[in-house]
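These notes concern the structure reproduced below.
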Amino acid sequence: MKKAILATKVGMTQIFSEDGELTPVTVLSAGPCVITQVKTVENDGYSAVQVGFVEKREKLVNKCQKGLFDKAGTTCKRYLREFKLEGAEEMQVGAEIKADVFAAGDKIDATAISKGKGYQGAIKRHGLQRGPMAHGSKYHRHAGSNGACSDPSRVFKGKKMAGQMGFRKITIQNLEVIRVDAEDNLLLVKGSVPGAKKALVTIRESVKA
């Protein structure tokens with residue numbers, strides 16, 4: 001992996017190209033991320049960089065984390081993530097990773113926690129078909145049979161049932177960067193990106209590009 005960055009989701013909008021084509025985009029506030037630690041093969045057994053993102057009040061940080069930030073010479077950060085970047089051991093602690101590491105036309109993978117929708121039924125959660133809605137029907141929005149009673153006498157793992165919907169890690173691959181605003185550290189990504197507004201989004205170089 002050559003490049004990656006942390007971002008927060010601002011929201012969605014739409015832009016027009018020079019030929020008048022409309023494109024829906026998601027606006028991401030990407031960086032600046034500060035390198036707080038460099039992992040080396042000699043000390044840690046692998047090569048990576050740890051980056052911090054979004055300011056955090058010092059009184060909300062414990063002594064262990066405070067020592068990490070003091071050693072790096074940076075302010076306290078809310079999020080800490082590791083990236084196994086190429087040439088990670090050559091990077092300097094305290095250096096910044098900004099939105100301009102990406103360029104228009106780049107393919108990226110976006111990872112975030114999806115919107116939580118609470119406890120939902122099987123129809124909304126999994127798209128199962130409902131039963132007849134006539135008055136004589138005793139089966140409307142029920143999930144149906146869960147399995148045979150005698151054999152195997154149990155419910156198979158993965159059975160589509162009612163339960164918690166959303167609020168899980170989602171990765172959307174091969175998204176395209178439409179525009180980069182290096183001055184304001186903004187990325188405009190074509191289409192939708194998982195997560196609610198202000199959610200943390202991890203942007204990586206696409207593995208399938």
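The chains in the structure tokens are called A, B, ... from first to last as shown; in each chain the residues are counted from 1, and the ligands are counted from 1 in the order shown.
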Spatial neighbours of A:Thr23, max dist 10 Å, only C-alpha atoms, sep filter under 4 positions, as a list in words: Thr13, Gln14, Ile15, Phe16, Ser17, Ile178, Val189, Lys190 and Gly191 of chain A
Same residues, N, CA and C atoms, saved as a short mmCIF file (atom, residue, chain, number, x, y, z; two decimals), in the first residue's frame:
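To be explicit, this is the file written out as result.cif:
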```
data_model
loop_
_atom_site.label_atom_id
_atom_site.label_comp_id
_atom_site.auth_asym_id
_atom_site.auth_seq_id
_atom_site.Cartn_x
_atom_site.Cartn_y
_atom_site.Cartn_z
N THR A 13 -23.06 15.97 -1.88
CA THR A 13 -23.49 17.07 -2.74
C THR A 13 -23.36 16.59 -4.18
N GLN A 14 -23.44 17.51 -5.11
CA GLN A 14 -23.29 17.15 -6.51
C GLN A 14 -22.50 18.24 -7.23
N ILE A 15 -21.72 17.84 -8.21
CA ILE A 15 -20.91 18.78 -8.99
C ILE A 15 -21.17 18.53 -10.47
N PHE A 16 -20.84 19.53 -11.26
CA PHE A 16 -21.00 19.44 -12.71
C PHE A 16 -19.63 19.46 -13.36
N SER A 17 -19.45 18.60 -14.36
CA SER A 17 -18.21 18.60 -15.12
C SER A 17 -18.25 19.69 -16.17
N ILE A 178 -12.93 12.36 -7.40
CA ILE A 178 -13.29 13.29 -8.47
C ILE A 178 -12.49 14.58 -8.38
N VAL A 189 -15.42 12.35 -3.43
CA VAL A 189 -15.42 10.96 -3.90
C VAL A 189 -16.74 10.68 -4.60
N LYS A 190 -16.66 10.05 -5.75
CA LYS A 190 -17.86 9.75 -6.53
C LYS A 190 -18.72 8.72 -5.82
N GLY A 191 -20.02 9.01 -5.70
CA GLY A 191 -20.95 8.08 -5.08
C GLY A 191 -20.99 8.21 -3.57
#
```
Excluding A:Glu82 and residues on its chain fewer than 6 positions from it, collect all residues at most 12 Å away from it, counting only C-alpha atoms, and give them as a PyMOL selection string.
chain A and resi 3-6+33-39+46-53+88+202+204
- Message: Taking only stretch 101-156 of chain A into account, list the residues labelled strand (DSSP E or B) by DSSP (computed from the backbone), as a list in words.
- Response: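 Residues meeting the strand (DSSP E or B) criterion: Lys107, Ile108, Asp109, Ala110, Thr111, Ala112, Ile113, Gly116, Lys117, Gly118, Tyr119 and Gln120 of chain A.
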Run DSSP on the backbone and give me the residues of stretch 36-86 of chain A it puts in alpha helix (DSSP H), as a PyMOL selection string.
chain A and resi 41-44+63-72
Writer output for current selection, C-alpha atoms, as a PDB file, in the first residue's frame:
```
ATOM      1  CA  VAL A  41      11.041  -4.697  11.668  1.00  0.00           C
ATOM      2  CA  GLU A  42      13.872  -4.638  14.200  1.00  0.00           C
ATOM      3  CA  ASN A  43      11.789  -3.336  17.108  1.00  0.00           C
ATOM      4  CA  ASP A  44       8.245  -4.453  16.293  1.00  0.00           C
ATOM      5  CA  LYS A  63      -0.665   9.145  30.940  1.00  0.00           C
ATOM      6  CA  CYS A  64       0.359   6.355  28.564  1.00  0.00           C
ATOM      7  CA  GLN A  65      -1.125   8.112  25.533  1.00  0.00           C
ATOM      8  CA  LYS A  66       0.127  11.489  26.750  1.00  0.00           C
ATOM      9  CA  GLY A  67       3.675  10.109  26.817  1.00  0.00           C
ATOM     10  CA  LEU A  68       3.264   8.850  23.244  1.00  0.00           C
ATOM     11  CA  PHE A  69       2.185  12.271  21.993  1.00  0.00           C
ATOM     12  CA  ASP A  70       4.898  14.082  23.958  1.00  0.00           C
ATOM     13  CA  LYS A  71       7.554  11.788  22.500  1.00  0.00           C
ATOM     14  CA  ALA A  72       6.238  12.489  18.998  1.00  0.00           C
TER      15      ALA A  72
END
```
*Can you tell me how far atom CA of A:Thr74 sits from atom CA of A:Ala30, in Å to one decimal?*
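That distance, rounded to one decimal, is 18.1 Å.
For the pair atom CA of A:Phe167 and atom CA of A:Lys117, the interatomic distance is 7.4 Å.
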| task | Tell me, as a list in words, which residues lie within 10 Å of stretch 179-186 of chain A, counting only C-alpha atoms; anything in the same chain fewer than 3 positions away does not count. | result |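 Contacts, in chain order: Ala7, Thr8, Lys9, Val10, Ile15, Val25, Val27, Leu28, Ser29, Ala30, Gly31, Pro32, Lys98, Ala99, Asp100, Val101, Phe102, Ala103, Ala104, Gly105, Asp106, Glu176, Val189 and Lys190 of chain A.
A straight line drawn from atom CA of A:Ala122 to atom CA of A:Lys160 is 6.7 Å long.
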**For A:Glu205, the nearest of the candidates A:Cys76, A:Ile113, A:Ile108, A:Met91, counting only C-alpha atoms** =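 Going through A:Cys76, A:Ile113, A:Ile108, A:Met91 one by one, the smallest distance to A:Glu205 is for A:Ile108.
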